[in-house]
Each structure stands twice: as C-alpha cells, then as structure tokens.
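S.K.: Input structure: data-v3.cif, which contains mmCIF, C-alpha atoms.
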```cif
data_model
#
loop_
_atom_site.label_atom_id
_atom_site.label_comp_id
_atom_site.auth_asym_id
_atom_site.auth_seq_id
_atom_site.Cartn_x
_atom_site.Cartn_y
_atom_site.Cartn_z
CA MET A 1 16.47 -5.32 -1.42
CA GLN A 2 13.99 -4.03 -4.01
CA THR A 3 15.09 -6.80 -6.41
CA PHE A 4 15.71 -9.49 -3.80
CA LEU A 5 12.20 -9.55 -2.27
CA PRO A 6 10.28 -10.10 -5.56
CA LYS A 7 12.75 -12.82 -6.60
CA PHE A 8 12.44 -14.48 -3.19
CA ILE A 9 8.63 -14.49 -3.41
CA GLY A 10 8.92 -15.73 -6.99
CA LEU A 11 11.13 -18.61 -5.84
CA ILE A 12 8.54 -19.62 -3.24
CA LEU A 13 5.73 -19.55 -5.81
CA ASN A 14 7.84 -21.43 -8.35
CA THR A 15 8.46 -24.14 -5.76
CA LEU A 16 4.77 -24.29 -4.85
CA GLY A 17 3.98 -24.48 -8.56
CA LEU A 18 5.86 -27.76 -8.80
CA LEU A 19 3.39 -29.23 -6.32
CA ASN A 20 0.20 -27.30 -7.06
CA THR A 21 0.29 -25.13 -10.17
CA LYS A 22 -3.31 -23.93 -9.82
CA LEU A 23 -2.79 -22.66 -6.28
CA ALA A 24 0.55 -21.04 -7.10
CA SER A 25 -0.99 -19.39 -10.17
CA LYS A 26 -3.88 -18.06 -8.09
CA TRP A 27 -1.54 -16.56 -5.53
CA ALA A 28 0.68 -15.05 -8.23
CA LEU A 29 -2.27 -13.41 -9.99
CA ASP A 30 -3.72 -12.23 -6.67
CA LEU A 31 -0.37 -10.65 -5.82
CA PHE A 32 -0.30 -8.93 -9.22
CA SER A 33 -3.82 -7.57 -8.68
CA ARG A 34 -3.39 -6.16 -5.17
CA PRO A 35 -2.32 -2.49 -4.99
CA LEU A 36 -0.02 -1.56 -2.12
CA LYS A 37 -0.98 2.12 -2.18
CA GLY A 38 -3.58 4.42 -3.65
CA ARG A 39 -5.87 4.84 -0.64
CA TYR A 40 -6.32 8.38 0.66
CA LYS A 41 -4.08 9.62 3.43
CA THR A 42 -5.52 13.14 3.22
CA ILE A 43 -8.30 14.55 1.05
CA HIS A 44 -7.36 17.52 -1.11
CA PRO A 45 -9.68 20.57 -0.85
CA THR A 46 -10.61 20.14 -4.52
CA LEU A 47 -12.12 16.73 -3.74
CA GLU A 48 -13.74 18.04 -0.57
CA ALA A 49 -15.54 20.65 -2.65
CA ALA A 50 -17.00 18.05 -5.00
CA GLU A 51 -20.46 16.54 -4.91
CA LYS A 52 -19.65 13.03 -3.68
CA ARG A 53 -21.80 9.99 -4.51
CA ASN A 54 -21.48 6.26 -3.96
CA PHE A 55 -22.62 3.72 -6.51
CA HIS A 56 -22.57 -0.04 -6.10
CA TYR A 57 -21.42 -2.77 -8.45
CA LYS A 58 -20.96 -6.46 -7.56
CA LYS A 59 -21.21 -5.54 -3.87
CA LEU A 60 -18.40 -3.00 -4.28
CA THR A 61 -18.68 0.73 -3.63
CA ILE A 62 -17.73 3.11 -6.45
CA LYS A 63 -16.76 6.53 -5.11
CA THR A 64 -17.40 9.43 -7.48
CA TYR A 65 -16.70 13.16 -7.35
CA ARG A 66 -18.64 15.69 -9.41
CA TRP A 67 -18.08 19.37 -10.15
CA LYS A 68 -20.75 21.14 -12.20
CA GLY A 69 -20.01 23.54 -15.04
CA GLU A 70 -21.82 24.92 -18.05
CA LYS A 71 -20.00 22.93 -20.76
CA GLU A 72 -19.73 19.23 -21.54
CA THR A 73 -18.97 16.65 -18.86
CA VAL A 74 -15.44 15.25 -18.63
CA LEU A 75 -14.78 11.84 -17.03
CA LEU A 76 -11.42 11.35 -15.29
CA ALA A 77 -10.06 7.82 -14.66
CA HIS A 78 -6.78 7.58 -12.71
CA GLY A 79 -4.18 4.83 -12.93
CA TRP A 80 -2.65 2.08 -10.79
CA GLU A 81 -1.92 2.83 -7.12
CA SER A 82 -3.41 6.31 -7.42
CA ASN A 83 -6.78 7.97 -6.82
CA SER A 84 -8.93 10.89 -7.96
CA GLY A 85 -6.74 13.29 -5.99
CA ARG A 86 -4.13 13.07 -8.76
CA TRP A 87 -6.46 15.15 -10.94
CA LYS A 88 -6.72 18.17 -8.62
CA ASN A 89 -4.90 20.61 -10.93
CA THR A 90 -6.62 19.21 -14.01
CA VAL A 91 -10.02 19.55 -12.34
CA ASN A 92 -9.40 23.17 -11.36
CA SER A 93 -8.29 24.06 -14.89
CA LEU A 94 -11.29 22.31 -16.46
CA LEU A 95 -13.64 24.11 -14.08
CA LYS A 96 -12.10 27.48 -14.93
CA SER A 97 -12.81 26.69 -18.57
CA GLY A 98 -16.44 25.92 -17.77
CA TYR A 99 -16.51 22.12 -18.04
CA SER A 100 -18.41 19.79 -15.76
CA VAL A 101 -16.15 17.09 -14.32
CA VAL A 102 -16.71 13.61 -12.90
CA ALA A 103 -13.90 11.53 -11.39
CA LEU A 104 -14.06 8.04 -9.93
CA ASP A 105 -11.82 5.97 -7.71
CA ALA A 106 -10.85 2.63 -9.22
CA PRO A 107 -11.52 -0.72 -7.50
CA ALA A 108 -9.33 -1.05 -4.38
CA HIS A 109 -8.19 2.57 -4.75
CA GLY A 110 -9.13 5.86 -3.12
CA ALA A 111 -12.45 5.43 -1.33
CA SER A 112 -13.86 2.73 -3.62
CA GLY A 113 -14.40 -0.81 -2.41
CA GLY A 114 -12.45 -3.99 -2.98
CA LYS A 115 -9.02 -5.37 -2.19
CA SER A 116 -7.94 -6.34 -5.69
CA PHE A 117 -7.85 -4.55 -9.03
CA ASN A 118 -8.08 -5.44 -12.68
CA ALA A 119 -8.73 -3.26 -15.70
CA VAL A 120 -11.79 -5.26 -16.72
CA LEU A 121 -13.52 -4.56 -13.40
CA TYR A 122 -12.41 -0.92 -13.65
CA SER A 123 -14.01 -0.69 -17.10
CA GLU A 124 -17.26 -1.95 -15.56
CA PHE A 125 -17.03 0.76 -12.89
CA ILE A 126 -16.55 3.29 -15.69
CA ALA A 127 -19.57 1.89 -17.56
CA LEU A 128 -21.83 2.44 -14.57
CA VAL A 129 -20.55 5.98 -13.98
CA CYS A 130 -20.92 6.87 -17.67
CA THR A 131 -24.47 5.55 -17.68
CA GLU A 132 -25.27 7.92 -14.82
CA PHE A 133 -23.43 11.08 -15.93
CA LYS A 134 -23.10 10.58 -19.73
CA PRO A 135 -19.73 12.32 -20.21
CA SER A 136 -18.80 13.22 -23.79
CA ILE A 137 -15.08 13.53 -22.97
CA LEU A 138 -13.15 10.65 -21.38
CA ILE A 139 -9.63 11.07 -19.98
CA GLY A 140 -7.61 8.18 -18.58
CA HIS A 141 -4.12 8.00 -17.12
CA SER A 142 -2.11 4.80 -17.47
CA VAL A 143 -4.30 1.75 -16.79
CA GLY A 144 -7.24 4.15 -16.49
CA GLY A 145 -6.80 4.74 -20.21
CA MET A 146 -6.68 1.01 -20.82
CA ALA A 147 -9.90 0.57 -18.82
CA ILE A 148 -11.57 3.27 -20.93
CA SER A 149 -10.61 1.35 -24.08
CA PHE A 150 -12.16 -1.84 -22.65
CA PHE A 151 -15.29 0.11 -21.76
CA MET A 152 -15.58 1.54 -25.27
CA LYS A 153 -15.07 -1.93 -26.76
CA ASN A 154 -17.74 -3.62 -24.69
CA SER A 155 -20.39 -0.98 -24.04
CA GLY A 156 -21.38 0.48 -27.39
CA TYR A 157 -21.25 3.86 -25.63
CA ARG A 158 -22.38 6.50 -28.12
CA PHE A 159 -21.94 9.74 -26.17
CA ALA A 160 -18.14 10.02 -26.37
CA ASP A 161 -16.89 12.78 -28.68
CA LYS A 162 -13.29 12.94 -27.48
CA ILE A 163 -10.95 10.56 -25.66
CA ILE A 164 -7.57 11.46 -24.13
CA LEU A 165 -5.08 8.76 -23.09
CA LEU A 166 -2.16 9.77 -20.86
CA GLY A 167 0.73 7.34 -20.51
CA ALA A 168 -1.55 4.44 -21.38
CA PRO A 169 -0.20 0.93 -22.00
CA SER A 170 -1.00 -0.62 -25.34
CA GLY A 171 -1.30 -4.28 -24.41
CA PHE A 172 -1.71 -6.21 -21.18
CA THR A 173 0.93 -8.66 -22.40
CA GLY A 174 3.74 -6.15 -21.88
CA ILE A 175 2.62 -5.30 -18.34
CA PHE A 176 2.25 -8.97 -17.54
CA LYS A 177 5.75 -9.76 -18.87
CA ASN A 178 7.28 -7.00 -16.74
CA TYR A 179 5.65 -8.53 -13.67
CA THR A 180 6.62 -12.14 -14.36
CA ASP A 181 10.18 -11.13 -15.23
CA LEU A 182 10.46 -9.07 -12.04
CA MET A 183 9.29 -12.02 -9.98
CA GLY A 184 11.43 -14.53 -11.87
CA PHE A 185 8.52 -16.89 -12.46
CA SER A 186 9.19 -20.21 -14.16
CA SER A 187 7.74 -21.06 -17.56
CA LYS A 188 5.41 -23.53 -15.88
CA LEU A 189 4.05 -20.91 -13.50
CA LYS A 190 3.66 -18.38 -16.34
CA ARG A 191 1.56 -20.92 -18.26
CA GLY A 192 -0.48 -21.54 -15.13
CA ILE A 193 -1.16 -17.83 -14.66
CA GLU A 194 -2.14 -17.47 -18.31
CA ALA A 195 -4.56 -20.40 -17.92
CA ARG A 196 -6.08 -18.72 -14.88
CA VAL A 197 -6.51 -15.44 -16.81
CA MET A 198 -8.31 -17.41 -19.51
CA ARG A 199 -10.62 -19.07 -16.99
CA LYS A 200 -11.35 -15.86 -15.12
CA PHE A 201 -11.85 -13.46 -18.04
CA GLY A 202 -12.71 -15.75 -20.94
CA HIS A 203 -9.81 -14.47 -23.05
CA PRO A 204 -6.00 -14.84 -23.10
CA SER A 205 -3.97 -11.90 -21.82
CA SER A 206 -3.10 -10.95 -25.41
CA TYR A 207 -6.76 -10.12 -26.08
CA PHE A 208 -6.69 -7.10 -23.77
CA ASN A 209 -5.08 -4.54 -26.04
CA THR A 210 -5.73 -0.80 -25.88
CA ALA A 211 -4.49 -0.18 -29.42
CA LYS A 212 -6.75 -2.86 -30.88
CA PHE A 213 -9.80 -1.62 -29.00
CA MET A 214 -9.18 2.04 -29.81
CA GLY A 215 -8.92 1.06 -33.46
CA GLU A 216 -12.67 0.44 -33.31
CA VAL A 217 -13.44 3.90 -31.87
CA ASN A 218 -14.58 6.66 -34.21
CA CYS A 219 -14.40 9.73 -31.97
CA LYS A 220 -11.53 12.22 -31.86
CA GLY A 221 -8.51 11.27 -29.77
CA LEU A 222 -5.40 12.65 -28.12
CA VAL A 223 -2.52 10.49 -26.90
CA ILE A 224 0.09 12.09 -24.62
CA HIS A 225 3.17 10.13 -23.56
CA ASP A 226 6.65 10.97 -22.29
CA HIS A 227 9.62 9.88 -24.40
CA ASN A 228 11.36 8.53 -21.30
CA ASP A 229 8.41 7.02 -19.45
CA PRO A 230 10.05 4.45 -17.13
CA VAL A 231 6.84 2.43 -16.69
CA ILE A 232 5.15 2.27 -20.09
CA PRO A 233 7.44 2.60 -23.15
CA TYR A 234 6.83 5.37 -25.67
CA SER A 235 6.40 2.71 -28.36
CA ASP A 236 3.07 1.81 -26.72
CA ALA A 237 1.80 5.34 -27.44
CA VAL A 238 2.89 5.06 -31.07
CA GLU A 239 1.05 1.75 -31.38
CA ILE A 240 -2.12 3.21 -29.85
CA GLN A 241 -2.06 6.37 -31.96
CA THR A 242 -1.45 4.40 -35.14
CA ALA A 243 -4.50 2.27 -34.49
CA PHE A 244 -6.69 5.10 -33.15
CA LYS A 245 -7.77 6.54 -36.50
CA ASN A 246 -8.70 10.12 -35.66
CA SER A 247 -6.06 10.80 -33.01
CA THR A 248 -2.97 12.93 -32.43
CA LEU A 249 0.15 11.96 -30.48
CA ILE A 250 1.98 14.52 -28.35
CA ALA A 251 5.35 13.57 -26.84
CA THR A 252 6.69 15.19 -23.69
CA ASN A 253 10.16 15.17 -22.19
CA GLY A 254 10.98 14.98 -18.50
CA LEU A 255 7.47 14.40 -17.17
CA GLY A 256 7.87 10.66 -16.71
CA HIS A 257 4.90 8.36 -16.31
CA GLY A 258 2.90 10.73 -14.12
CA LEU A 259 2.60 13.40 -16.84
CA LYS A 260 1.80 16.02 -14.23
CA GLY A 261 2.44 19.54 -15.34
CA LYS A 262 0.90 22.67 -16.76
CA ALA A 263 2.06 21.76 -20.26
CA VAL A 264 -0.07 18.59 -20.26
CA ILE A 265 -3.11 20.46 -18.95
CA ASN A 266 -2.63 23.08 -21.67
CA HIS A 267 -2.51 20.35 -24.33
CA ILE A 268 -5.74 18.89 -22.93
CA LEU A 269 -7.53 22.24 -22.90
CA ALA A 270 -6.38 23.11 -26.43
CA PHE A 271 -7.63 19.73 -27.68
CA LEU A 272 -11.00 20.19 -26.00
CA GLU A 273 -11.44 23.68 -27.43
CA ASP A 274 -10.43 22.64 -30.95
#
```
Could I get this structure in the form of structure tokens?

M.R.:
Amino acid sequence: MQTFLPKFIGLILNTLGLLNTKLASKWALDLFSRPLKGRYKTIHPTLEAAEKRNFHYKKLTIKTYRWKGEKETVLLAHGWESNSGRWKNTVNSLLKSGYSVVALDAPAHGASGGKSFNAVLYSEFIALVCTEFKPSILIGHSVGGMAISFFMKNSGYRFADKIILLGAPSGFTGIFKNYTDLMGFSSKLKRGIEARVMRKFGHPSSYFNTAKFMGEVNCKGLVIHDHNDPVIPYSDAVEIQTAFKNSTLIATNGLGHGLKGKAVINHILAFLED
C-alpha cells in the first residue's frame, strides 16, 4: 500500500501531464511541498518554559522559542515534518552549559504559518530570526541544515562563528530524484516540474546545494551523519564536509536520520567548548 498509493497518484499526474503539463507540474510540486505531519499534538514542558514570540514574514507567522543563558546564543532549525519539540534534550543540555537558545518552527510546521514548505522560504524565516537574536552558533537538522546554508549564502550574515549540520542533504537534486522516482513521474512531467522550479525560484534545482554554499562559509563547522541514514546517504555528509573548509565530520552508527541521542549532544557540546 505504501508503494501503491504514490505510484497511483503519479499515474494520475502523468496522465494529466499529457493534457496540461503546467497544471500537472504545479500539482506535483505542491504535493512535494506539503508536509503531512509536524504540527504539535502536545507541547513539551521545555517549550512551555520558553519565552515565545511571533514574527511575521510574507503574511506568515514565524513561531520562536527563546531560553536565556549567560553564553552565546545558539539557533536551532529542525527538519522536514518535525518541529522545535525535537530539540528538547538538546535545549536542556545547552542551558545546563550556560548557552542562550533560540528555536523556530519552519513554514507549515509546529506553530508557524503556511500550508506548504520549501527550504528557500525556511532560509528567509531563519534570516529574520537571526536579525532579531543574532546567534553566533547555528545548528540545523536535515533540511534545516540545508536552509541554514541557503541563509548563509544569501544574507552575508557575519555573526556566525560555528555551524553544525546534522543529517543534512547535500543537494536538492538528490531529494527531488527520490520523490520523482517514488511517484513514478514521466520524463515529461519531471521536465515540467523542473521548469516550474526555475520559474518560481529563479534557479534550476541543481543550484540549491548545501555543499556548494558551505564552501563559501569561513566559520568553524561540524557535520554529524549516521553511516546508515535511510533518508539522506552518508555520501552527502562527505560531500558537505569536503567543501566546508574548516569543518569536521563525525559518523555515528545506529542513530538513523533522527540523530537523537546523548552521544550526538555530547559531540555538539564538545565542539562548542573547543
């Protein structure tokens, strides 16, 4: 059933694409951009204890959570179909070590506004939050890490001293291929989607590349990735770390894509204290 439904939807969109490629491409990209989960069901006490603020960008609400400490400010950006609650253990450990922490919910996730998501819009959310809180340490999980790389590329942000990427994808092309292969899209529909990406963002999908963007960043970096990540291959981490000049790669085993565990938090804290 998990394979049948995407292929069935793909067949419908392929058929529509024979008649109206632009409409089929729009629907396919909209489907790709719409998270099915990531909204809060319950709020963890760690988030309840935070200072909560709403910001607004393009008529969308950006929900932020802030915990004050004596040391530098750390920004936390979660990944796809998640929310700031995923950071609860990381936040508590950072607070115990004296850091100030700011987390934000991505577009169409958590308590932020919107119904669709893309990493470019997420990077613009991050830009607004960084302008307000000026964090010197940026941590992103999965596509949150990709959004941080877009932000660093486009903003000229000068306050970042350290960046940590957890399970981050290197290029959008690989994510996009996984999606189109899962759906069984035709070559014609794939070309139509690519044309729509170009019209919407002003660049082909191949332009959006974490490794390439991090290659232009001069601050210190840490890349953590699991050898057997079922979502983003370990080779993406190698590509990012190779391009990210002043960075270190740490490989984990058995933590999957989520990278949740005390070992990861310890690596983060050791990197921050170095």

S.K.: Just checking: using all atoms listed in the file, which residue out of A:Phe271, A:Tyr57, A:Phe213, A:Tyr65 ends up closest to A:Met152?

M.R.: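 Closest to A:Met152 of all the choices is A:Phe213.
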
S.K.: Translate the PyMOL selection byres ((chain A and resi 38-42) around 8) into a concrete residue list for this structure, as a list of chain:residue names.

M.R.: A:Pro35, A:Leu36, A:Lys37, A:Ile43, A:His44, A:Trp80, A:Glu81, A:Ser82, A:Asn83, A:Ala108, A:His109, A:Gly110, A:Ala111

S.K.: Looking at all atoms listed in the file, which of A:Thr64, A:Ala127, A:Asp229, A:Gly17 is the one that sits closest to A:Asn154?

M.R.: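 The closest residue to A:Asn154 is A:Ala127.
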
S.K.: Go through A:Ile62, A:Leu31, A:Leu47, A:Ala237 and flag the residue nearest A:Thr90, using only C-alpha atoms for the distances.

M.R.: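 With only C-alpha atoms as the atom set, the closest residue is A:Leu47.
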
S.K.: Could you tell me how far atom CA of A:Tyr122 sits from atom CA of A:Pro230, in Å to one decimal place?

M.R.: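 One can read the atom CA of A:Pro230 to atom CA of A:Tyr122 distance as 23.4 Å.
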
S.K.: Name all residues at most 8 Å from A:Val223 (count only C-alpha atoms; drop same-chain ones fewer than 3 positions away) and give them as a list in words.

M.R.: Ile164, Leu165, Leu166, Gly167, Ala237, Ile240, Gln241, Ser247, Thr248, Leu249 and Ile250 of chain A

S.K.: With C-alpha atoms kept, could you save the residues just selected as a compact mmCIF listing (two decimals), in the frame of the given file?

M.R.:
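Below is the file that was written, selection_3.txt:
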```txt
# COMPACT_ATOMS: atom_id res chain seq x y z
CA ILE A 164 -7.57 11.46 -24.13
CA LEU A 165 -5.08 8.76 -23.09
CA LEU A 166 -2.16 9.77 -20.86
CA GLY A 167 0.73 7.34 -20.51
CA ALA A 237 1.80 5.34 -27.44
CA ILE A 240 -2.12 3.21 -29.85
CA GLN A 241 -2.06 6.37 -31.96
CA SER A 247 -6.06 10.80 -33.01
CA THR A 248 -2.97 12.93 -32.43
CA LEU A 249 0.15 11.96 -30.48
CA ILE A 250 1.98 14.52 -28.35
```

S.K.: Kindly indicate which residue among A:Arg34, A:Asn118, A:Lys58, A:Ile126 lies nearest to A:Lys200, using only C-alpha atoms for the distances.

M.R.: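 Closest residue, counting only C-alpha atoms: A:Asn118.
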
S.K.: Exactly which residues make up the result of the PyMOL selection byres ((chain A and resi 224) around 12) on this file, given as a PyMOL selection string?

M.R.: chain A and resi 139-142+145+163-169+221-223+225-227+229+232+234-238+240-241+247-253+255-260+263-268+271

S.K.: Can you pull stretch 103-139 of chain A out of that block with N, CA and C atoms and hand it back as a PDB file, in the first residue's frame?

M.R.:
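Done, and the output landed in decode_29.pdb:
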```
ATOM      1  N   ALA A 103      14.945  28.669  19.116  1.00  0.00           N
ATOM      2  CA  ALA A 103      14.475  27.693  18.140  1.00  0.00           C
ATOM      3  C   ALA A 103      13.303  28.300  17.382  1.00  0.00           C
ATOM      4  N   LEU A 104      13.138  27.876  16.135  1.00  0.00           N
ATOM      5  CA  LEU A 104      11.993  28.346  15.361  1.00  0.00           C
ATOM      6  C   LEU A 104      11.315  27.171  14.689  1.00  0.00           C
ATOM      7  N   ASP A 105      10.003  27.309  14.488  1.00  0.00           N
ATOM      8  CA  ASP A 105       9.248  26.335  13.707  1.00  0.00           C
ATOM      9  C   ASP A 105       9.292  26.750  12.242  1.00  0.00           C
ATOM     10  N   ALA A 106       9.548  25.793  11.382  1.00  0.00           N
ATOM     11  CA  ALA A 106       9.637  26.049   9.946  1.00  0.00           C
ATOM     12  C   ALA A 106       8.269  26.382   9.354  1.00  0.00           C
ATOM     13  N   PRO A 107       8.235  26.922   8.140  1.00  0.00           N
ATOM     14  CA  PRO A 107       6.943  27.154   7.476  1.00  0.00           C
ATOM     15  C   PRO A 107       6.121  25.871   7.423  1.00  0.00           C
ATOM     16  N   ALA A 108       4.836  25.978   7.771  1.00  0.00           N
ATOM     17  CA  ALA A 108       3.897  24.854   7.739  1.00  0.00           C
ATOM     18  C   ALA A 108       4.239  23.755   8.740  1.00  0.00           C
ATOM     19  N   HIS A 109       5.021  24.091   9.756  1.00  0.00           N
ATOM     20  CA  HIS A 109       5.405  23.148  10.797  1.00  0.00           C
ATOM     21  C   HIS A 109       5.180  23.769  12.171  1.00  0.00           C
ATOM     22  N   GLY A 110       5.038  22.911  13.185  1.00  0.00           N
ATOM     23  CA  GLY A 110       4.891  23.405  14.540  1.00  0.00           C
ATOM     24  C   GLY A 110       3.743  24.380  14.663  1.00  0.00           C
ATOM     25  N   ALA A 111       4.039  25.584  15.153  1.00  0.00           N
ATOM     26  CA  ALA A 111       3.016  26.626  15.296  1.00  0.00           C
ATOM     27  C   ALA A 111       3.243  27.775  14.332  1.00  0.00           C
ATOM     28  N   SER A 112       4.121  27.580  13.341  1.00  0.00           N
ATOM     29  CA  SER A 112       4.325  28.615  12.322  1.00  0.00           C
ATOM     30  C   SER A 112       3.251  28.519  11.249  1.00  0.00           C
ATOM     31  N   GLY A 113       3.109  29.598  10.483  1.00  0.00           N
ATOM     32  CA  GLY A 113       2.057  29.668   9.491  1.00  0.00           C
ATOM     33  C   GLY A 113       2.417  28.982   8.181  1.00  0.00           C
ATOM     34  N   GLY A 114       1.411  28.890   7.314  1.00  0.00           N
ATOM     35  CA  GLY A 114       1.605  28.325   5.992  1.00  0.00           C
ATOM     36  C   GLY A 114       1.095  26.902   5.867  1.00  0.00           C
ATOM     37  N   LYS A 115       0.873  26.496   4.612  1.00  0.00           N
ATOM     38  CA  LYS A 115       0.453  25.132   4.325  1.00  0.00           C
ATOM     39  C   LYS A 115       1.483  24.373   3.503  1.00  0.00           C
ATOM     40  N   SER A 116       2.449  25.105   2.949  1.00  0.00           N
ATOM     41  CA  SER A 116       3.480  24.457   2.143  1.00  0.00           C
ATOM     42  C   SER A 116       4.860  24.898   2.617  1.00  0.00           C
ATOM     43  N   PHE A 117       5.849  24.094   2.282  1.00  0.00           N
ATOM     44  CA  PHE A 117       7.214  24.293   2.763  1.00  0.00           C
ATOM     45  C   PHE A 117       8.194  24.248   1.607  1.00  0.00           C
ATOM     46  N   ASN A 118       9.208  25.099   1.662  1.00  0.00           N
ATOM     47  CA  ASN A 118      10.395  24.916   0.842  1.00  0.00           C
ATOM     48  C   ASN A 118      11.581  25.495   1.602  1.00  0.00           C
ATOM     49  N   ALA A 119      12.765  24.990   1.307  1.00  0.00           N
ATOM     50  CA  ALA A 119      13.948  25.384   2.065  1.00  0.00           C
ATOM     51  C   ALA A 119      14.334  26.839   1.841  1.00  0.00           C
ATOM     52  N   VAL A 120      13.953  27.393   0.689  1.00  0.00           N
ATOM     53  CA  VAL A 120      14.247  28.804   0.432  1.00  0.00           C
ATOM     54  C   VAL A 120      13.440  29.686   1.380  1.00  0.00           C
ATOM     55  N   LEU A 121      12.141  29.408   1.489  1.00  0.00           N
ATOM     56  CA  LEU A 121      11.301  30.161   2.423  1.00  0.00           C
ATOM     57  C   LEU A 121      11.789  29.967   3.858  1.00  0.00           C
ATOM     58  N   TYR A 122      12.175  28.757   4.204  1.00  0.00           N
ATOM     59  CA  TYR A 122      12.703  28.471   5.544  1.00  0.00           C
ATOM     60  C   TYR A 122      13.950  29.314   5.809  1.00  0.00           C
ATOM     61  N   SER A 123      14.811  29.436   4.808  1.00  0.00           N
ATOM     62  CA  SER A 123      16.027  30.243   4.984  1.00  0.00           C
ATOM     63  C   SER A 123      15.681  31.706   5.228  1.00  0.00           C
ATOM     64  N   GLU A 124      14.579  32.165   4.654  1.00  0.00           N
ATOM     65  CA  GLU A 124      14.139  33.546   4.871  1.00  0.00           C
ATOM     66  C   GLU A 124      13.555  33.719   6.267  1.00  0.00           C
ATOM     67  N   PHE A 125      12.886  32.691   6.779  1.00  0.00           N
ATOM     68  CA  PHE A 125      12.460  32.685   8.183  1.00  0.00           C
ATOM     69  C   PHE A 125      13.692  32.798   9.089  1.00  0.00           C
ATOM     70  N   ILE A 126      14.701  31.979   8.790  1.00  0.00           N
ATOM     71  CA  ILE A 126      15.921  31.971   9.595  1.00  0.00           C
ATOM     72  C   ILE A 126      16.595  33.337   9.554  1.00  0.00           C
ATOM     73  N   ALA A 127      16.599  33.976   8.393  1.00  0.00           N
ATOM     74  CA  ALA A 127      17.225  35.303   8.259  1.00  0.00           C
ATOM     75  C   ALA A 127      16.567  36.311   9.184  1.00  0.00           C
ATOM     76  N   LEU A 128      15.234  36.292   9.244  1.00  0.00           N
ATOM     77  CA  LEU A 128      14.534  37.233  10.099  1.00  0.00           C
ATOM     78  C   LEU A 128      14.841  36.967  11.573  1.00  0.00           C
ATOM     79  N   VAL A 129      14.843  35.703  11.962  1.00  0.00           N
ATOM     80  CA  VAL A 129      15.108  35.345  13.358  1.00  0.00           C
ATOM     81  C   VAL A 129      16.548  35.687  13.741  1.00  0.00           C
ATOM     82  N   CYS A 130      17.486  35.466  12.832  1.00  0.00           N
ATOM     83  CA  CYS A 130      18.888  35.800  13.115  1.00  0.00           C
ATOM     84  C   CYS A 130      19.091  37.306  13.217  1.00  0.00           C
ATOM     85  N   THR A 131      18.363  38.058  12.421  1.00  0.00           N
ATOM     86  CA  THR A 131      18.441  39.517  12.518  1.00  0.00           C
ATOM     87  C   THR A 131      17.999  39.988  13.893  1.00  0.00           C
ATOM     88  N   GLU A 132      17.007  39.328  14.451  1.00  0.00           N
ATOM     89  CA  GLU A 132      16.470  39.710  15.760  1.00  0.00           C
ATOM     90  C   GLU A 132      17.383  39.264  16.903  1.00  0.00           C
ATOM     91  N   PHE A 133      17.854  38.009  16.871  1.00  0.00           N
ATOM     92  CA  PHE A 133      18.550  37.446  18.034  1.00  0.00           C
ATOM     93  C   PHE A 133      20.069  37.345  17.866  1.00  0.00           C
ATOM     94  N   LYS A 134      20.555  37.475  16.648  1.00  0.00           N
ATOM     95  CA  LYS A 134      21.993  37.455  16.334  1.00  0.00           C
ATOM     96  C   LYS A 134      22.737  36.270  16.964  1.00  0.00           C
ATOM     97  N   PRO A 135      22.319  35.056  16.681  1.00  0.00           N
ATOM     98  CA  PRO A 135      23.033  33.888  17.202  1.00  0.00           C
ATOM     99  C   PRO A 135      24.415  33.763  16.554  1.00  0.00           C
ATOM    100  N   SER A 136      25.391  33.288  17.319  1.00  0.00           N
ATOM    101  CA  SER A 136      26.725  33.058  16.771  1.00  0.00           C
ATOM    102  C   SER A 136      26.956  31.579  16.459  1.00  0.00           C
ATOM    103  N   ILE A 137      25.998  30.733  16.883  1.00  0.00           N
ATOM    104  CA  ILE A 137      26.083  29.289  16.639  1.00  0.00           C
ATOM    105  C   ILE A 137      24.770  28.852  15.983  1.00  0.00           C
ATOM    106  N   LEU A 138      24.866  28.206  14.825  1.00  0.00           N
ATOM    107  CA  LEU A 138      23.686  27.768  14.086  1.00  0.00           C
ATOM    108  C   LEU A 138      23.711  26.253  13.958  1.00  0.00           C
ATOM    109  N   ILE A 139      22.626  25.600  14.364  1.00  0.00           N
ATOM    110  CA  ILE A 139      22.525  24.140  14.285  1.00  0.00           C
ATOM    111  C   ILE A 139      21.278  23.777  13.500  1.00  0.00           C
TER     112      ILE A 139
END
```
